[in-house]
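Accompanying notes for the structure given below.
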Amino acid sequence: MTATKTPDIAAEIRVTAIAAKQAGKVLAQATSETKAAALRHGAAFLRARADALLDANAKDLAYAQTKGLSAAFTDRLTLNAARIEAMASGLEDVAELPEPVGRILDERTRPNGLRITRISVPLGVIGIIYESRPNVTADAGGLCVKSGNAAILRGGSDSLHSSAAIGQCLRDGLAQAGLSADCVQLVQTRDRAAVGAMLRQHGLIDVIVPRGGHSLTERVMAESKIPVLAHLDGVCHVYIDAAAQPAMARDIVLNAKMRRTGICGAAETLLIDRTVSALLPGVVDGLVAAGCTVRGDAAAQAADPRIQPASADDWTTEYLDAIISVKVVDGVGAAIDHVNRFGSSHTDTIVTEDATAAEAFLNGVESAIVMHNASTQFADGGEFGMGAEIGISTGKLHARGPVGAEQLTSYKYIVRGNGQVRP
């Protein structure tokens, strides 16, 4: 779908969805080699058109500047040579992944001779609604192609030009491989009515994936007539246990919070065992030096006067900025209780050399991703060996954690008989 002055956005979205449905039927039957070729061609186009991508991104950055957006938001929006290469390499990595479609998940022969096989199949047409990060266009489009799903991509108004340029590389890659460009379509309008129109395409769009801020995801989950694969917030925790190595704790907290503050895997709350609260000044040194504001409860403030008072809202806030809240807790059980009460079921990590405490945390925390002695910023499909991700799912149905090509499949049963009838 291209930019349009037609006032009937709903009608145009429906036309787009119908075209995606038709193209998806062919894509679902495409060979692994053909899909991989499309992705490799798409990667080649990204590299060849790097200057054009940067020009398109410059238009988006200029638009963002007029809106006075935050530094973290601008960082998510920005393309550079390294990020373009990362998109291209990501498409190539996805191309080399094992084929997710047609996998035999289970097979059995019943006493009556029926042979029952469960195999993986594409979901169909996936609508992805996202904000600011133009690289999502490449990640989401590439994963959908790999998993045999047609994609309708609606990027944020701030990344309109960048997403269009990236999407065209994918579309040209599909065409180069002999597939329909309509397997990947972009909704190129800033009109918010397009989102509502997508959410009403039941029967044409099979799954909706929102990837953005709380307000976007909340709206999608409230309005969608289509199943949603999403997370609302990334309120991620680092817990420093009594048996943590001090230097490791400092490094993990600093990386988890400050490597990139605007991603959903960034740590927002630091929990620390009361018996090692004396470690806080060393941890805070690194955070403050990196420009982070630290807020905490009374016990945290007593351990380090640089820590500002925290409010009740801080424990449930996804800052997406250089701010972290700190709470002193009494042991791993209290840490687990805090995470499960105030967290968002996204990603949480424990820093400890105590195997018993680690297992208690890993088993007790109810999040989609739970870590031991590692930064929460590893909550990423690429880091999990998936090549890329379409988002992080925190629900308990279908996929959880990073959603890659394999997670974008469902399954069906194939039953083979030789004349059986049921008594």
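Residues in the structure tokens are numbered from 1 in each chain, the chains being A, B, ... in the order shown, and ligands are numbered from 1 in the order shown.
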
Margin query: When you look at stretch 45-59 of chain A with a cut-off of 9 Å (counting only C-alpha atoms), what residues show up, excluding the ones that are within fewer than 3 positions of it in the same chain? I need them as an MDAnalysis selection string.
Written below: chainID A and resid 40:42 62:64 77:81 84:85 87:88 134 159:166 168:170 172:173

Notebook entry, point to check: Could you write out, as a VMD selection string, all the residues of stretch 34-146 of chain A that DSSP marks as alpha helix (DSSP H)?
Noted result: chain A and resid 34 to 48 50 to 66 71 to 77 81 to 95 135 to 146

Next item on the list: Going by DSSP on the backbone, which bits of stretch 137-224 of chain A are strand (DSSP E)? Write them as a list in words, please.
Entry: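 Listing strand (DSSP E) positions across stretch 137-224 of chain A yields Ala150, Ala151, Ile152, Leu153, Arg154, Val184, Gln185, Leu186, Val207, Ile208, Val209, Pro210 and Arg211 of chain A.
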
Next item on the list: Find the residue from A:Gln188, A:Ser393, A:Gln29, A:Gln245 that sits nearest to A:His346; use only C-alpha atoms when measuring.
Entry: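 Looking only at the distances to A:His346, the closest residue turns out to be A:Ser393.
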
Note to self: Calculated over only C-alpha atoms, which of the candidates A:Ala256, A:Leu69, A:Val228, A:Ala405 has the smallest distance to A:Met371?
What the structure shows: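 Counting only C-alpha atoms, the residue closest to A:Met371 is A:Ala256.
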
Check: So which residues touch A:Leu271 within 12 Å, counting only C-alpha atoms, skipping near sequence neighbours fewer than 2 positions away, as JSON, numbers by chain?
Finding: {"A": [236, 237, 238, 239, 240, 241, 242, 249, 253, 267, 268, 269, 273, 274, 276, 277, 279, 280, 283, 295, 296, 297, 299, 300, 315, 324, 325, 326, 327, 328, 329, 330, 331, 332, 333, 334, 335, 336, 337, 338, 339, 342, 343, 348, 349, 350, 351]}
